[in-house]
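To start, the structure under review is shown below, and the notes come after it.
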Number of protein chains: 4
Amino acid sequence: MRIGILTGGGDCSGLNAVIRAVTKHLIISERAEVFGFENGFLGLIENRYRKLDYLSVSGILAQGGTILGTHNKANPLKYFGADNADVSDVVLKNYNDLKLDGLVVIGGDGTMSISFALQQKGINIIGVPKTIDNDLMQTDRTFGFDTAVGVATDAVDRLQTTGQSHDRVMILETMGRYAGWIALEASIAGGADIVLIPEIPYDIEVVAEVCRNRAKKQRFTIIVVAEGAAPKDGKMTVRETIDDSPDPLRLGGVANVIRYELEQRIDSEIRVTVLGHIQRGGTPTPFDRILATRYGSFAADVVKKKEWGVMVALQNNELVTVPLESVANKTKTVPLDSDLIRTAKSVGTSFGS
Amino acid sequence: MRIGILTGGGDCSGLNAVIRAVTKHLIISERAEVFGFENGFLGLIENRYRKLDYLSVSGILAQGGTILGTHNKANPLKYFGADNADVSDVVLKNYNDLKLDGLVVIGGDGTMSISFALQQKGINIIGVPKTIDNDLMQTDRTFGFDTAVGVATDAVDRLQTTGQSHDRVMILETMGRYAGWIALEASIAGGADIVLIPEIPYDIEVVAEVCRNRAKKQRFTIIVVAEGAAPKDGKMTVRETIDDSPDPLRLGGVANVIRYELEQRIDSEIRVTVLGHIQRGGTPTPFDRILATRYGSFAADVVKKKEWGVMVALQNNELVTVPLESVANKTKTVPLDSDLIRTAKSVGTSFGS
Amino acid sequence: MRIGILTGGGDCSGLNAVIRAVTKHLIISERAEVFGFENGFLGLIENRYRKLDYLSVSGILAQGGTILGTHNKANPLKYFGADNADVSDVVLKNYNDLKLDGLVVIGGDGTMSISFALQQKGINIIGVPKTIDNDLMQTDRTFGFDTAVGVATDAVDRLQTTGQSHDRVMILETMGRYAGWIALEASIAGGADIVLIPEIPYDIEVVAEVCRNRAKKQRFTIIVVAEGAAPKDGKMTVRETIDDSPDPLRLGGVANVIRYELEQRIDSEIRVTVLGHIQRGGTPTPFDRILATRYGSFAADVVKKKEWGVMVALQNNELVTVPLESVANKTKTVPLDSDLIRTAKSVGTSFGS
Amino acid sequence: MRIGILTGGGDCSGLNAVIRAVTKHLIISERAEVFGFENGFLGLIENRYRKLDYLSVSGILAQGGTILGTHNKANPLKYFGADNADVSDVVLKNYNDLKLDGLVVIGGDGTMSISFALQQKGINIIGVPKTIDNDLMQTDRTFGFDTAVGVATDAVDRLQTTGQSHDRVMILETMGRYAGWIALEASIAGGADIVLIPEIPYDIEVVAEVCRNRAKKQRFTIIVVAEGAAPKDGKMTVRETIDDSPDPLRLGGVANVIRYELEQRIDSEIRVTVLGHIQRGGTPTPFDRILATRYGSFAADVVKKKEWGVMVALQNNELVTVPLESVANKTKTVPLDSDLIRTAKSVGTSFGS
């Protein structure tokens, strides 16, 4: 049995744990030969790969990032290296030349969309879901998310003590362009006072009012804001989306915009932290390592059954398979009636609306 | 509305998050008066309590332990302070004198068993499940467990680097007297080579053989052993169970026994770490804080509905209620056909059997 | 013996450890009465204080922030609450009314400057040095700094794995307005490729060149920049200094400016993290707790000797006293010939110049 | 220039940072060829080595252990592989065959003793001090120690919350066979109530009395004990020393002995944690990474100056060189009049004597 493996899209903690589990499981139970493509689909296009043996995946369980590298723009259907042409025939040739029986692709909704197209072309694919934002359809929880929430919560914890000592307003910007999972969970875990997420447009007047009320009693306020949060009457201020219309006020991202707006409205000193990519990196939490190992080991089971064209998913604590196309290009946002939102509100957290 | 709250049994990380969520939720939505009994049922027997207002539960979310204190032997049905007499009438009187509408009891299977009996006596009780060992029936996951796995995994990580540098056998003893959840999850998360749990009696010859084989190639071996693990032909060596028949060899616990047995069988140097109660203490992980807050907030919802005589539980990511008596004095061990055991084996972990 | 204590200026990790050590030591050895003033000199002006007994300082050793609160603008010599008038007579009266024998003041160079003036007025003062930036004269190392370096290094570690996975340029902005200690130590500890500090003006062309060279081989680059770093031909871009002339490009701080400049010069994707006040908050490292406890305990020794008008300091691992005026309004920047700079360069780190 | 490098004795966090700094510095400034011997002196005896280039030491800064492996019994002067014969001629031949200009040896007092002998034989050696216990003469502080104190302090922190919740006596056993530095610093950093170190023989009656007094008021007691602590009238109970006279009571180490003794004297429940080798492993703290990098970079400077036969050392924050023989087979214990002991006592910590 000869199996390829690659990691696509943005990186997140736990990718190496999946690579290790797939490889070890297939070597132990099938004496399979496993080949790792480098830099996501780019390696598949450029035929860059290396053989993964047992030793080469030992000791990577706790490492952040991906030993294979990834690439978040390499798409065989619109390859930037060939004037956005479709090079899936090249990919298919490389796949066949290497005599692969199948390919394990670890990635997000974009990667699954490409995988579905390649599957149609005749490549046997099994997808493993990956998104730091936890916003992938069909699966309850993705690895890397617990680690990201951990980094963000640690930041909230630290802001609590310094905010309290100074009666300040502290703003923390987390990842989450389209979904507010990280911001919301970090808010509950850290006991933030205000959380702003893309799903609930905020009213800056309400935010200011909460700060003013707290200034009278508790005296300090912790605001957690997802990078994709937007005001009721405005548009998203994610850094990447404004490159084309460079409103320089927004160069610093949404947290700096909110700081600017609040400075017009309240007396307290305001300080900003922008976590950025430290949420993606570093050693995965034990939870994420276990989840990633379960995903990888189960994906190897599915490989052994030759059940191609599916993505593995976690549903009600069980690992299952779902069609690749069922997750392609969809986003799982936080439901407005979710238990998490209800919980946050019940302990006094404001959503600024 | 006047509600009492107490924490019973052994402590674990996240108890304060529950106390905070119950109290804040009831004060915010019901302007309830909340009273915290000290040292578990002991406070209820001795009528020691204090009023919990909003401020008194602010800032405790991330604190380990319980601000109320607990007691793991205080049982109103067999009170050690009264020659093991039943003092539940005293408890009922204290409850009535304080004009309580209900009582939130956070604890394990023993605590729920007592709670069921008190409920029969006429005290309105809602239980919140607590066990560091994750071995409580009816609920998928309990707070404190993720924190304990975190402490144990950090230890495995550290033993990996030092074991590797020296070609040694490193033994780590974790909690888990009747169930091996902590040892098993820490083994998967840390990439241990051997894991010994109460559910699968070990054969010391098999353990020695794995060590010898690894000494030839990888050269070092990490063994994680739950305190309640036992050999195939032997009996449990948990420290507490041998007070009566003090075989001094066992004073150090199962890890030291295994060390002693392995020293007769292999050449490698062997070193032992016994984590003990550091698994119980310290700030809860974000996962546990969120889970504990959800439990507490939901328990307050159930209080508001006056649905007494139940325990809140997590089933398939949903919070539900189950009868108090359905969890009393039962233990949820690791199923032999569980996905976790399968996953561990698939990446090469031995169970020593 | 009756002693007052207060914390002035910005907060940092370890303040509570000092408060605890001063209080416990004086109570144990002198049965002293200790009074904590709230919010720095503001409490001394407004006569807001509380008595600190043994219990009230138990359990605060590991807490971030300051249980007394602080204030970074309250100056009795130019009191903002009285049109910048000198209210030191009020302070002296409050001090005398409370029959204090002396006052322990924990703070930075500004606080020591005020303390020197108050000492001249007749208040017996002993200073304890505090600065997260480690930039205080006369003392080798201040508590809070090790914690800040820890937070910044953890961020570098995380950026290493994510940067590597994507061949990106990652920029991390740390504290350090006038001195680059935090950025420099975090760079050495984390293995950053470029570090930009206020002491060495950077040349953006050199920075870009290093990034381009690394893109060919190692493929990713980690840049750590102190908030006060400035280009050779430019001026400082610290957020606070530009409120008056709001160049909106600079709202996001120096890291965003460098990002903007590099985007004109290199092809790699660039990502920014701005740590901000999370460097100030949270539980102190063991190193900082020990250092803070030593400072506090030694300050109590000096109180007992009634050696007023001095600041305690660490010199060559010994605790000594120095005149208050010797540290007032001075800054200890990183010497260009320091061992740290030499070490960083020797392992290949560029200073962008 | 051709330089060898090896790590001897027990491992500790920071070894890889030294290897990296020596190698990078010599390659950058001298285009030197660096050879790493495997498993300490064993590699030098068996001529097992590999070339270390720039890439091979990239990314190891934050890794625990040593990429070269170590061995704590391989002594060329009394080689266990040759009936304890002197094989230093073999070592000299291997050294000469590889045309080495010098050898950097990282190790403790035993390793320095061997190095001194080899230097006499004509091998150019520069030593770098290493000891997790911080008990090496001539140098103020060694890398790995801060990391070990960090692990031990984290354990004390966790025991504080669980001890408090249950009114228990918690005993933590740390490393430190001959010197109590780790136990002492962890006690100050964690706020332990009792600390027992080899330098101050303890009286079990005093220990019991402190526990009893605390049981009345604070109700719980944290005891930190170095593995080499011994009672006034007794002998050391370190595990390794009793292999020959196996008093089974002592199989579990000194913490279990103290538990046993206290159980005869007090009523409180007692729990034991034995940290063992987790103090040696894992990623070094930023402090240790910086210190190790400074040591390594300075050792390369000394190599460039061909100043052989010395060990680098830290004295009053300056890196200096001292004769190899000045550290051989000596131990730096905690001075009874040290500032640390005075500090611990001043905040109420008992030494059980």
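Chain identifiers are assigned as A, B, and so on, following the order in which chains appear in the structure tokens; residues are numbered from 1 within each chain, and ligands are numbered from 1 in order of appearance.
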Identify, with DSSP run on backbone atoms, the residues in segment 64-312 of chain C assigned to alpha helix (DSSP H), and express the list as a PyMOL selection string.
-> chain C and resi 88-97+109-121+145-166+181-190+204-216+254-263+286-304
Interface, chain B side, toward chain D (7 Å; only C-alpha atoms) as an mmCIF file with C-alpha atoms, in the first residue's frame:
data_model
loop_
_atom_site.group_PDB
_atom_site.id
_atom_site.type_symbol
_atom_site.label_atom_id
_atom_site.label_comp_id
_atom_site.auth_asym_id
_atom_site.auth_seq_id
_atom_site.Cartn_x
_atom_site.Cartn_y
_atom_site.Cartn_z
ATOM 1 C CA ASP B 11 -11.194 18.929 45.150
ATOM 2 C CA GLY B 64 -7.750 26.154 41.634
ATOM 3 C CA GLY B 65 -9.340 24.497 44.639
ATOM 4 C CA THR B 66 -12.637 25.673 46.107
ATOM 5 C CA GLY B 69 -13.412 24.261 51.112
ATOM 6 C CA THR B 70 -14.465 20.654 50.914
ATOM 7 C CA HIS B 71 -14.305 17.515 53.027
ATOM 8 C CA ALA B 155 5.362 15.417 32.813
ATOM 9 C CA ASP B 157 6.894 15.661 27.654
ATOM 10 C CA ARG B 158 9.654 16.366 30.128
ATOM 11 C CA LEU B 159 10.461 12.699 30.632
ATOM 12 C CA THR B 161 13.725 14.598 26.595
ATOM 13 C CA THR B 162 15.527 13.355 29.661
ATOM 14 C CA SER B 165 19.325 11.712 26.557
ATOM 15 C CA HIS B 166 20.122 8.797 28.822
ATOM 16 C CA PRO B 248 6.668 -1.781 53.073
ATOM 17 C CA LEU B 249 7.710 -2.492 49.493
ATOM 18 C CA LEU B 251 4.763 2.334 50.536
ATOM 19 C CA GLY B 252 5.918 4.151 47.442
ATOM 20 C CA ASN B 256 7.922 1.926 42.763
ATOM 21 C CA VAL B 272 10.229 7.169 38.928
ATOM 22 C CA THR B 273 7.992 10.233 39.118
ATOM 23 C CA VAL B 274 4.862 10.178 41.283
ATOM 24 C CA LEU B 275 2.660 13.146 40.412
ATOM 25 C CA GLY B 276 0.189 12.800 43.223
ATOM 26 C CA HIS B 277 -2.016 15.744 44.072
ATOM 27 C CA ILE B 278 -0.431 18.251 41.724
ATOM 28 C CA ARG B 280 -5.763 18.154 41.401
ATOM 29 C CA GLY B 281 -4.466 21.629 42.001
ATOM 30 C CA GLY B 282 -3.712 24.790 40.143
#
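Residues surrounding Ala328 of chain C within 6 Å are Asp109, Met112 and Ser113 of chain C [only C-alpha atoms; sequence separation below 5 positions excluded].
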Export of prior selection with N, CA and C atoms as a PDB file, in the first residue's frame:
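What follows is the written file part_3.pdb:
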ATOM      1  N   ASP C 109      11.625  55.061  38.198  1.00  0.00           N
ATOM      2  CA  ASP C 109      12.455  56.254  38.371  1.00  0.00           C
ATOM      3  C   ASP C 109      11.608  57.494  38.683  1.00  0.00           C
ATOM      4  N   MET C 112      10.638  57.251  42.306  1.00  0.00           N
ATOM      5  CA  MET C 112      11.787  57.512  43.192  1.00  0.00           C
ATOM      6  C   MET C 112      12.083  59.009  43.240  1.00  0.00           C
ATOM      7  N   SER C 113      11.852  59.677  42.116  1.00  0.00           N
ATOM      8  CA  SER C 113      12.060  61.122  42.081  1.00  0.00           C
ATOM      9  C   SER C 113      11.093  61.819  43.034  1.00  0.00           C
TER      10      SER C 113
END
Near segment 19-26 of chain B, counting only C-alpha atoms, which residues have an atom at most 6 Å away, once you skip same-chain residues fewer than 5 positions from it, shown as a PyMOL selection string?
-> (chain A and resi 346-347) or (chain B and resi 32+57+293+296-297+300)
Please, could you write that set of residues out with N, CA and C atoms as a PDB file, in the first residue's frame?
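Just written: part-v8.pdb:
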ATOM      1  N   SER A 346     -25.203  34.769  30.709  1.00  0.00           N
ATOM      2  CA  SER A 346     -25.727  34.468  32.042  1.00  0.00           C
ATOM      3  C   SER A 346     -24.765  34.883  33.146  1.00  0.00           C
ATOM      4  N   VAL A 347     -23.480  34.950  32.840  1.00  0.00           N
ATOM      5  CA  VAL A 347     -22.522  35.377  33.875  1.00  0.00           C
ATOM      6  C   VAL A 347     -22.142  36.847  33.706  1.00  0.00           C
TER       7      VAL A 347
ATOM      8  N   ALA B  32     -31.280  36.453  43.280  1.00  0.00           N
ATOM      9  CA  ALA B  32     -31.321  35.432  44.335  1.00  0.00           C
ATOM     10  C   ALA B  32     -30.311  35.737  45.441  1.00  0.00           C
ATOM     11  N   VAL B  57     -17.567  36.377  44.275  1.00  0.00           N
ATOM     12  CA  VAL B  57     -17.230  35.329  43.302  1.00  0.00           C
ATOM     13  C   VAL B  57     -16.541  35.916  42.062  1.00  0.00           C
ATOM     14  N   THR B 293     -18.128  26.435  33.756  1.00  0.00           N
ATOM     15  CA  THR B 293     -19.057  27.562  33.681  1.00  0.00           C
ATOM     16  C   THR B 293     -20.377  27.130  33.047  1.00  0.00           C
ATOM     17  N   GLY B 296     -22.270  25.146  35.635  1.00  0.00           N
ATOM     18  CA  GLY B 296     -22.816  26.009  36.685  1.00  0.00           C
ATOM     19  C   GLY B 296     -23.970  26.848  36.175  1.00  0.00           C
ATOM     20  N   SER B 297     -23.803  27.402  34.984  1.00  0.00           N
ATOM     21  CA  SER B 297     -24.862  28.244  34.439  1.00  0.00           C
ATOM     22  C   SER B 297     -26.117  27.428  34.163  1.00  0.00           C
ATOM     23  N   ALA B 300     -27.968  26.617  37.293  1.00  0.00           N
ATOM     24  CA  ALA B 300     -28.798  27.747  37.717  1.00  0.00           C
ATOM     25  C   ALA B 300     -30.107  27.778  36.925  1.00  0.00           C
TER      26      ALA B 300
END
Distance query segment 286-289 of chain A at most 6 Å, only C-alpha atoms, self and fewer than 4 positions along chain excluded, as a PyMOL selection string = (chain A and resi 14+143-144+293) or (chain B and resi 189)
How about saving the chosen residues, N, CA and C atoms kept, as a PDB file, in the first residue's frame?
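As a result, selection.pdb now contains:
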ATOM      1  N   GLY A  14      -1.168  20.821  15.887  1.00  0.00           N
ATOM      2  CA  GLY A  14      -1.759  19.487  15.817  1.00  0.00           C
ATOM      3  C   GLY A  14      -1.563  18.816  14.463  1.00  0.00           C
ATOM      4  N   PHE A 143      -8.875  20.174  15.760  1.00  0.00           N
ATOM      5  CA  PHE A 143      -7.640  20.350  16.538  1.00  0.00           C
ATOM      6  C   PHE A 143      -7.026  21.710  16.192  1.00  0.00           C
ATOM      7  N   GLY A 144      -6.254  22.244  17.115  1.00  0.00           N
ATOM      8  CA  GLY A 144      -5.666  23.569  16.932  1.00  0.00           C
ATOM      9  C   GLY A 144      -6.517  24.639  17.598  1.00  0.00           C
ATOM     10  N   THR A 293      -4.573  13.004  16.979  1.00  0.00           N
ATOM     11  CA  THR A 293      -4.157  11.602  16.863  1.00  0.00           C
ATOM     12  C   THR A 293      -5.357  10.721  16.530  1.00  0.00           C
TER      13      THR A 293
ATOM     14  N   ALA B 189      -1.438  11.745  24.454  1.00  0.00           N
ATOM     15  CA  ALA B 189      -1.001  13.129  24.238  1.00  0.00           C
ATOM     16  C   ALA B 189       0.517  13.264  24.312  1.00  0.00           C
TER      17      ALA B 189
END
Among segment 32-274 of chain C, which ones does DSSP place in strand (DSSP E), written as a ChimeraX atom specification?
-> /C:33-37,49-52,102-107,125-129,169-174,194-196,221-226,270-274
Exercise: Glu307 of chain C partners within 9 Å, only C-alpha atoms, chain neighbours under 6 positions left out, as a ChimeraX atom specification = /C:124-126,321
9 Å contact set for Lys78 of chain A, only C-alpha atoms, chain neighbours under 5 positions out, as JSON, numbers by chain = {"A": [83, 84, 85, 86, 87, 88]}
Could you turn the residues from that selection into a file that holds C-alpha atoms, as an mmCIF file, in the first residue's frame?
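Written file, part_29.cif:
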data_model
loop_
_atom_site.group_PDB
_atom_site.id
_atom_site.type_symbol
_atom_site.label_atom_id
_atom_site.label_comp_id
_atom_site.auth_asym_id
_atom_site.auth_seq_id
_atom_site.Cartn_x
_atom_site.Cartn_y
_atom_site.Cartn_z
ATOM 1 C CA ASP A 83 -1.280 32.060 -14.856
ATOM 2 C CA ASN A 84 -4.064 30.524 -12.810
ATOM 3 C CA ALA A 85 -4.400 27.625 -15.220
ATOM 4 C CA ASP A 86 -5.831 24.247 -14.197
ATOM 5 C CA VAL A 87 -2.859 21.923 -13.623
ATOM 6 C CA SER A 88 -4.780 19.048 -12.142
#
Length of the atom CA of Ile60 of chain A to atom CA of Ile194 of chain C vector [Å] | 26.8 Å
Length of the atom CA of Phe298 of chain A to atom CA of Phe145 of chain A vector [Å] = 19.4 Å
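Remark: for Leu291 of chain D, the closest of the candidate residues D:Asn213, D:Gln120, D:Asn316, D:Thr142 is D:Thr142 (distances computed over only C-alpha atoms).
From atom CA of Lys345 of chain B back to atom CA of Val169 of chain B, the distance works out to 19.7 Å.
With distances restricted to only C-alpha atoms, C:Ala17 is the closest residue to Gly190 of chain D from C:Leu324, C:Val224, C:Ala17, C:Ala208.
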